[in-house]
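Trainee: Okay, so here is model.tsv, and as you'll see once you scroll down, it has TSV, C-alpha atoms.
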chain	number	residue	atom	x	y	z
Y	34	MET	CA	-8.34	5.55	-18.96
Y	35	ASN	CA	-6.56	2.24	-18.71
Y	36	ALA	CA	-3.11	0.88	-17.86
Y	37	ILE	CA	-1.92	1.13	-21.46
Y	38	LEU	CA	-2.78	4.83	-21.66
Y	39	ARG	CA	-1.11	5.48	-18.33
Y	40	GLY	CA	1.94	3.66	-19.72
Y	41	LEU	CA	1.78	5.95	-22.76
Y	42	VAL	CA	1.91	9.06	-20.57
Y	43	ARG	CA	4.78	7.59	-18.57
Y	44	ALA	CA	6.73	6.71	-21.73
Y	45	VAL	CA	6.28	10.25	-23.07
Y	46	ALA	CA	7.26	11.84	-19.74
Y	47	GLU	CA	10.42	9.71	-19.54
Y	48	THR	CA	11.45	10.26	-23.17
Y	49	PHE	CA	10.83	13.91	-23.95
Y	50	THR	CA	11.71	17.12	-22.16
Y	51	LEU	CA	8.24	18.59	-21.74
Y	52	PRO	CA	7.94	22.32	-21.05
Y	53	GLY	CA	5.82	23.59	-18.17
Y	54	PRO	CA	3.43	24.24	-16.74
Y	55	ILE	CA	1.60	21.00	-17.41
Y	56	LEU	CA	-2.17	21.21	-17.89
Y	57	GLU	CA	-4.39	18.12	-17.77
Y	58	ILE	CA	-7.74	18.49	-19.52
Y	59	GLY	CA	-10.42	16.24	-18.04
Y	60	SER	CA	-8.54	15.55	-14.82
Y	61	TYR	CA	-11.56	14.30	-12.84
Y	62	GLN	CA	-10.70	10.84	-11.53
Y	63	VAL	CA	-13.65	8.47	-11.88
Y	64	VAL	CA	-14.27	6.32	-8.81
Y	65	GLY	CA	-12.39	3.05	-9.16
Y	66	GLN	CA	-9.82	4.45	-11.61
Y	67	GLU	CA	-7.66	6.40	-9.19
Y	68	GLY	CA	-4.74	4.01	-9.61
Y	69	VAL	CA	-4.40	4.64	-13.34
Y	70	ALA	CA	-6.04	8.06	-13.70
Y	71	ASP	CA	-3.79	10.05	-11.35
Y	72	LEU	CA	-1.30	11.25	-13.94
Y	73	ARG	CA	0.31	13.99	-11.88
Y	74	THR	CA	2.34	11.37	-10.01
Y	75	LEU	CA	4.21	10.84	-13.30
Y	76	PHE	CA	5.48	14.45	-13.16
Y	77	PRO	CA	7.01	14.84	-9.69
Y	78	GLY	CA	8.19	18.32	-8.83
Y	79	ARG	CA	6.47	19.90	-11.85
Y	80	LEU	CA	3.82	22.63	-11.80
Y	81	TYR	CA	0.72	20.61	-12.69
Y	82	LEU	CA	-2.83	21.90	-13.17
Y	83	GLY	CA	-5.93	19.75	-13.53
Y	84	VAL	CA	-9.12	21.17	-15.06
Y	85	ASP	CA	-12.52	19.62	-15.64
Y	86	ILE	CA	-16.15	20.69	-15.98
Y	87	ARG	CA	-17.04	19.08	-12.64
Y	88	ALA	CA	-15.40	19.22	-9.25
Y	89	GLY	CA	-13.81	16.17	-7.69
Y	90	ARG	CA	-10.60	14.31	-7.08
Y	91	GLY	CA	-7.78	15.53	-9.33
Y	92	VAL	CA	-9.52	18.80	-10.29
Y	93	ASP	CA	-7.81	22.08	-9.41
Y	94	LEU	CA	-10.03	24.38	-11.48
Y	95	LEU	CA	-13.43	24.15	-13.12
Y	96	ALA	CA	-13.04	25.06	-16.80
Y	97	ASN	CA	-14.33	24.14	-20.24
Y	98	VAL	CA	-11.74	23.13	-22.83
Y	99	GLU	CA	-13.74	24.97	-25.50
Y	100	THR	CA	-12.96	28.26	-23.68
Y	101	LEU	CA	-9.86	27.82	-21.54
Y	102	PRO	CA	-9.16	30.55	-18.96
Y	103	TYR	CA	-5.48	30.89	-19.89
Y	104	ALA	CA	-3.57	33.45	-21.90
Y	105	ALA	CA	-2.21	32.60	-25.32
Y	106	GLY	CA	1.17	30.88	-25.13
Y	107	SER	CA	1.04	30.38	-21.36
Y	108	ILE	CA	0.97	26.56	-21.08
Y	109	GLY	CA	3.92	24.30	-21.81
Y	110	THR	CA	2.32	20.85	-22.07
Y	111	ILE	CA	-1.29	19.71	-22.35
Y	112	LEU	CA	-2.57	16.21	-21.58
Y	113	ALA	CA	-6.04	15.25	-22.79
Y	114	ILE	CA	-6.44	11.54	-22.13
Y	115	SER	CA	-9.83	9.89	-22.74
Y	116	THR	CA	-11.46	13.30	-22.69
Y	117	LEU	CA	-12.21	14.77	-26.12
Y	118	GLU	CA	-14.87	12.20	-26.93
Y	119	HIS	CA	-16.92	13.96	-24.22
Y	120	VAL	CA	-16.51	17.48	-25.67
Y	121	PRO	CA	-19.53	18.62	-27.75
Y	122	HIS	CA	-17.53	20.86	-30.12
Y	123	PHE	CA	-14.19	19.04	-30.12
Y	124	TRP	CA	-12.78	21.22	-32.94
Y	125	ARG	CA	-13.05	24.24	-30.64
Y	126	ALA	CA	-11.10	22.30	-28.03
Y	127	PHE	CA	-8.26	21.67	-30.49
Y	128	ASP	CA	-8.20	25.38	-31.39
Y	129	GLU	CA	-8.12	26.40	-27.71
Y	130	MET	CA	-5.36	23.97	-26.79
Y	131	HIS	CA	-3.25	25.25	-29.68
Y	132	ARG	CA	-3.92	28.85	-28.62
Y	133	VAL	CA	-2.77	28.44	-25.00
Y	134	LEU	CA	0.31	26.33	-25.80
Y	135	ARG	CA	3.73	27.95	-25.88
Y	136	PRO	CA	5.42	28.06	-29.30
Y	137	ASP	CA	7.59	25.15	-28.14
Y	138	GLY	CA	4.69	23.42	-26.40
Y	139	ALA	CA	3.57	19.79	-26.50
Y	140	LEU	CA	0.12	18.22	-26.72
Y	141	LEU	CA	-0.61	14.60	-25.81
Y	142	VAL	CA	-4.13	13.49	-26.67
Y	143	ALA	CA	-5.67	10.01	-26.53
Y	144	CYS	CA	-9.20	9.03	-27.52
Y	145	PRO	CA	-11.11	5.75	-27.65
Y	146	PHE	CA	-12.10	4.14	-30.92
Y	147	TYR	CA	-13.45	0.66	-30.14
Y	148	PHE	CA	-15.00	1.30	-26.73
Y	149	HIS	CA	-18.42	1.13	-25.11
Y	150	HIS	CA	-20.67	4.15	-24.56
Y	151	HIS	CA	-19.46	5.90	-21.40
Y	152	PRO	CA	-21.34	9.11	-20.56
Y	153	HIS	CA	-19.23	11.22	-18.17
Y	154	PRO	CA	-21.52	13.17	-18.45
Y	155	SER	CA	-21.98	12.58	-22.22
Y	156	ASP	CA	-20.18	10.57	-24.90
Y	157	TYR	CA	-20.21	12.06	-28.42
Y	158	TRP	CA	-17.26	11.12	-30.62
Y	159	ARG	CA	-14.79	8.49	-31.82
Y	160	PHE	CA	-11.49	9.30	-33.59
Y	161	THR	CA	-9.33	7.33	-36.03
Y	162	PRO	CA	-5.55	7.78	-36.28
Y	163	GLU	CA	-6.16	9.66	-39.55
Y	164	ALA	CA	-8.56	12.01	-37.76
Y	165	LEU	CA	-5.94	12.97	-35.18
Y	166	GLU	CA	-3.34	13.46	-37.89
Y	167	MET	CA	-5.70	15.84	-39.70
Y	168	LEU	CA	-6.77	17.72	-36.56
Y	169	LEU	CA	-3.13	18.19	-35.56
Y	170	ALA	CA	-1.99	19.44	-38.97
Y	171	PRO	CA	-0.79	22.79	-37.47
Y	172	TYR	CA	1.84	20.88	-35.45
Y	173	PRO	CA	4.93	20.16	-37.60
Y	174	SER	CA	6.21	17.25	-35.48
Y	175	LYS	CA	4.04	14.49	-34.14
Y	176	ILE	CA	3.71	10.82	-33.29
Y	177	ILE	CA	0.45	9.06	-34.15
Y	178	GLY	CA	-0.21	5.81	-32.32
Y	179	TYR	CA	-2.77	3.24	-31.25
Y	180	HIS	CA	-3.18	-0.01	-29.37
Y	181	GLY	CA	-5.22	-3.02	-30.38
Y	182	PRO	CA	-5.74	-4.59	-33.80
Y	183	PRO	CA	-5.00	-2.14	-36.66
Y	184	ALA	CA	-8.50	-2.48	-38.15
Y	185	ARG	CA	-10.23	-1.92	-34.81
Y	186	PRO	CA	-7.91	-0.10	-32.39
Y	187	ALA	CA	-9.06	0.28	-28.82
Y	188	ASN	CA	-7.52	3.74	-28.35
Y	189	VAL	CA	-5.67	6.14	-30.61
Y	190	TRP	CA	-3.29	8.90	-29.54
Y	191	ALA	CA	-0.99	11.62	-30.74
Y	192	LEU	CA	1.95	13.48	-29.28
Y	193	ALA	CA	2.32	16.77	-31.13
Y	194	PHE	CA	4.88	19.56	-30.81
Y	195	ARG	CA	4.45	23.17	-31.86
Y	196	GLU	CA	6.71	24.86	-34.38
Y	197	ALA	CA	9.43	26.20	-32.05
Y	198	ARG	CA	10.37	22.74	-30.85
Y	199	VAL	CA	13.03	20.89	-32.84
Y	200	PRO	CA	11.76	17.92	-34.87
Y	201	ILE	CA	11.44	14.55	-33.15
Y	202	SER	CA	14.74	12.74	-33.66
Y	203	ALA	CA	15.12	9.10	-34.64
Y	204	GLU	CA	16.77	8.47	-31.27
Y	205	GLU	CA	13.83	10.01	-29.39
Y	206	PHE	CA	11.31	8.00	-31.39
Y	207	HIS	CA	13.21	4.77	-30.76
Y	208	LEU	CA	13.49	5.48	-27.03
Y	209	TYR	CA	9.78	6.36	-26.84
Y	210	GLN	CA	8.84	3.06	-28.52
Y	211	THR	CA	11.11	1.10	-26.18
Y	212	ARG	CA	9.64	2.72	-23.09
Y	213	LEU	CA	6.10	2.40	-24.44
Y	214	ARG	CA	6.53	-1.34	-24.94
Y	215	HIS	CA	7.85	-1.57	-21.38
Y	216	HIS	CA	5.19	0.54	-19.64
Y	217	ALA	CA	2.04	0.07	-21.74
Y	218	ARG	CA	1.07	-3.36	-20.49
Y	219	MET	CA	-2.40	-4.72	-19.81
Y	220	PRO	CA	-2.19	-8.53	-19.92
Y	221	LEU	CA	-5.36	-10.59	-19.81
Y	222	PRO	CA	-5.99	-12.90	-16.85
Y	223	LEU	CA	-5.02	-16.44	-17.86
Y	224	THR	CA	-8.53	-17.88	-17.63
Y	225	ARG	CA	-9.99	-15.15	-19.83
Y	226	TYR	CA	-7.11	-15.47	-22.30
Y	227	LEU	CA	-7.78	-19.18	-22.66
Y	228	ARG	CA	-11.52	-18.66	-23.13
Y	229	LEU	CA	-10.90	-16.06	-25.84
Y	230	GLN	CA	-8.39	-18.29	-27.59
Y	231	LEU	CA	-10.96	-21.10	-27.62
Y	232	GLY	CA	-13.52	-18.73	-29.08
Y	233	ARG	CA	-11.02	-17.62	-31.72
Y	234	LEU	CA	-10.42	-21.23	-32.75
Y	235	LEU	CA	-14.15	-22.02	-32.92
Y	236	PHE	CA	-15.50	-18.85	-34.50
Y	237	GLY	CA	-12.56	-17.09	-36.18
Y	238	PRO	CA	-10.20	-14.34	-35.00
Y	239	GLY	CA	-12.10	-11.18	-35.92
Y	240	HIS	CA	-14.49	-10.84	-32.98
Y	241	PHE	CA	-11.82	-11.67	-30.41
Y	242	ALA	CA	-8.96	-9.59	-31.83
Y	243	PRO	CA	-9.71	-6.39	-29.83
Y	244	TYR	CA	-9.15	-8.33	-26.61
Y	245	LEU	CA	-6.40	-10.75	-27.60
Y	246	GLN	CA	-4.41	-8.02	-29.38
Y	247	ARG	CA	-5.03	-5.14	-27.01
Y	248	GLU	CA	-1.31	-4.88	-26.18
Y	249	HIS	CA	-0.41	-4.59	-29.87
Y	250	LEU	CA	1.10	-1.13	-30.43
Y	251	GLY	CA	1.36	0.90	-33.62
Y	252	ASN	CA	3.23	4.20	-33.95
Y	253	LYS	CA	4.51	6.46	-36.72
Y	254	CYS	CA	6.57	9.63	-36.50
Y	255	LEU	CA	5.82	12.60	-38.76
Y	256	ASN	CA	8.12	15.59	-39.14
Y	257	ARG	CA	7.81	18.45	-41.61
Y	258	ALA	CA	9.25	21.91	-41.97
Y	259	ALA	CA	7.54	24.46	-39.73
Turn this file's structure into structure tokens for me.
Mentor:
Amino acid sequence: MNAILRGLVRAVAETFTLPGPILEIGSYQVVGQEGVADLRTLFPGRLYLGVDIRAGRGVDLLANVETLPYAAGSIGTILAISTLEHVPHFWRAFDEMHRVLRPDGALLVACPFYFHHHPHPSDYWRFTPEALEMLLAPYPSKIIGYHGPPARPANVWALAFREARVPISAEEFHLYQTRLRHHARMPLPLTRYLRLQLGRLLFGPGHFAPYLQREHLGNKCLNRAA
């Protein structure tokens, strides 16, 4: 979790009418990340449930995303931010999240791509934007996005809506992008920025792009008939 991903969740919450209840998968807040990882503060007054495989701050219920303890069609919105890379059988997680979502439900998932090994408790997978697009094929309307340089994005994400929700409009997509640019900020400290710029000049841009371009945002909207 980082400030850009928190800004993503905020932009989505402020743009779209998300059905309830809201379920956060992987809601355990790692020590030192409480400021960015507490997503329920972005949904004031909403029924919000946090599940994880270990108890701790932010966790309401112990549960495994591969076998969620919820009835089919009982959840309105699912958030899975920086979580699915830790799930051994991630394809089962995608099936389960689809199963428990309402027919008009929404899924927001974000996963790292260019990121260090971070076992919480284990770290298995990395996903490209194309991978999320393929895994979310059952959802007729979706936004696929990333931040960082296009060839080496730091994180990738997708907001996907089930078939009973109307397609994402051009106005919604524009508003989402505007709010994302406003909220998804993670500027480098000046001294580090200058050091990286010097390195880019001396050694070329490639190695330094993931840091210097981490606030670069890419998004595309996909709608098809249900």
Trainee: Can you measure CA of Val120 (chain Y) to CA of Asn97 (chain Y) for me? One decimal in Å is fine.
Mentor: 8.9 Å
Trainee: If we count all atoms listed in the file, what is near Ile86 (chain Y) at a cut-off of 10 Å, once residues fewer than 5 positions away on the same chain are taken out, given as a compact mmCIF listing (two decimals) with C-alpha atoms, keeping the file's coordinate frame?
Mentor:
# COMPACT_ATOMS: atom_id res chain seq x y z
CA ILE Y 58 -7.74 18.49 -19.52
CA GLY Y 59 -10.42 16.24 -18.04
CA SER Y 60 -8.54 15.55 -14.82
CA TYR Y 61 -11.56 14.30 -12.84
CA VAL Y 92 -9.52 18.80 -10.29
CA LEU Y 94 -10.03 24.38 -11.48
CA LEU Y 95 -13.43 24.15 -13.12
CA ALA Y 96 -13.04 25.06 -16.80
CA ASN Y 97 -14.33 24.14 -20.24
CA VAL Y 98 -11.74 23.13 -22.83
CA PRO Y 154 -21.52 13.17 -18.45
Trainee: Using all atoms listed in the file, which residue out of Y:Pro171, Y:Gly239, Y:Gly68, Y:Gly181 lies closest to Asp128 (chain Y)?
Mentor: Y:Pro171
Trainee: Choose the residue, out of Y:His131, Y:Lys175, Y:His215, Y:His153, that has the smallest atom-to-atom separation from Ile108 (chain Y); count only C-alpha atoms.
Mentor: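 Of Y:His131, Y:Lys175, Y:His215, Y:His153, the one nearest Ile108 (chain Y) is Y:His131, counting only C-alpha atoms.
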Trainee: Could you tell me how far CA of Glu166 (chain Y) lies from CA of Trp124 (chain Y), in Å and to one decimal?
Mentor: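 About the pair CA of Glu166 (chain Y) and CA of Trp124 (chain Y): they are 13.2 Å apart.
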Trainee: In Å, how far is it from CA of Gly109 (chain Y) to CA of Arg212 (chain Y)?
Mentor: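 Atom-to-atom, CA of Gly109 (chain Y) to CA of Arg212 (chain Y), that is 22.4 Å.
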Trainee: Which residue is closest to Phe160 (chain Y)? Choose from Y:Leu227, Y:Leu112, Y:Leu134, Y:Ala187 and count all atoms listed in the file.
Mentor: Y:Ala187
Trainee: Box for region 225-230 of chain Y - axis-aligned, 4 Å on each of the six sides, all listed atoms - centre and size in Å to one decimal, as lines of an AutoDock Vina configuration file.
Mentor:
center_x = -9.3
center_y = -17.2
center_z = -23.7
size_x = 12.4
size_y = 12.0
size_z = 15.8
Trainee: For Pro54 (chain Y), please output as a list in words all residues within 12 Å (counting only C-alpha atoms; exclusion window: fewer than 6 positions along the same chain).
Mentor: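 Listed by chain and then number, they are Arg73, Phe76, Gly78, Arg79, Leu80, Tyr81, Leu82, Gly83, Tyr103, Gly106, Ser107, Ile108, Gly109, Thr110, Ile111, Leu112, Val133, Leu134, Arg135, Gly138 and Ala139 of chain Y.
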Trainee: Using all atoms listed in the file, which residues sit within 10 Å of Phe49 (chain Y) once same-chain residues fewer than 2 positions away are excluded, as number ranges by chain?
Mentor: Y: 44-47, 51-52, 139, 201, 205-206, 208-209
Trainee: Could you check which of Y:Pro173, Y:Pro186, Y:Glu248, Y:Phe123 is closest to Asp156 (chain Y), using all atoms listed in the file?
Mentor: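 Answer, going by the shortest atom-to-atom distance: Y:Phe123.
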Trainee: From the options Y:Trp158, Y:Phe127, Y:Trp190, Y:Phe146, which residue's atoms come nearest to Ala170 (chain Y), counting all atoms listed in the file?
Mentor: Y:Phe127
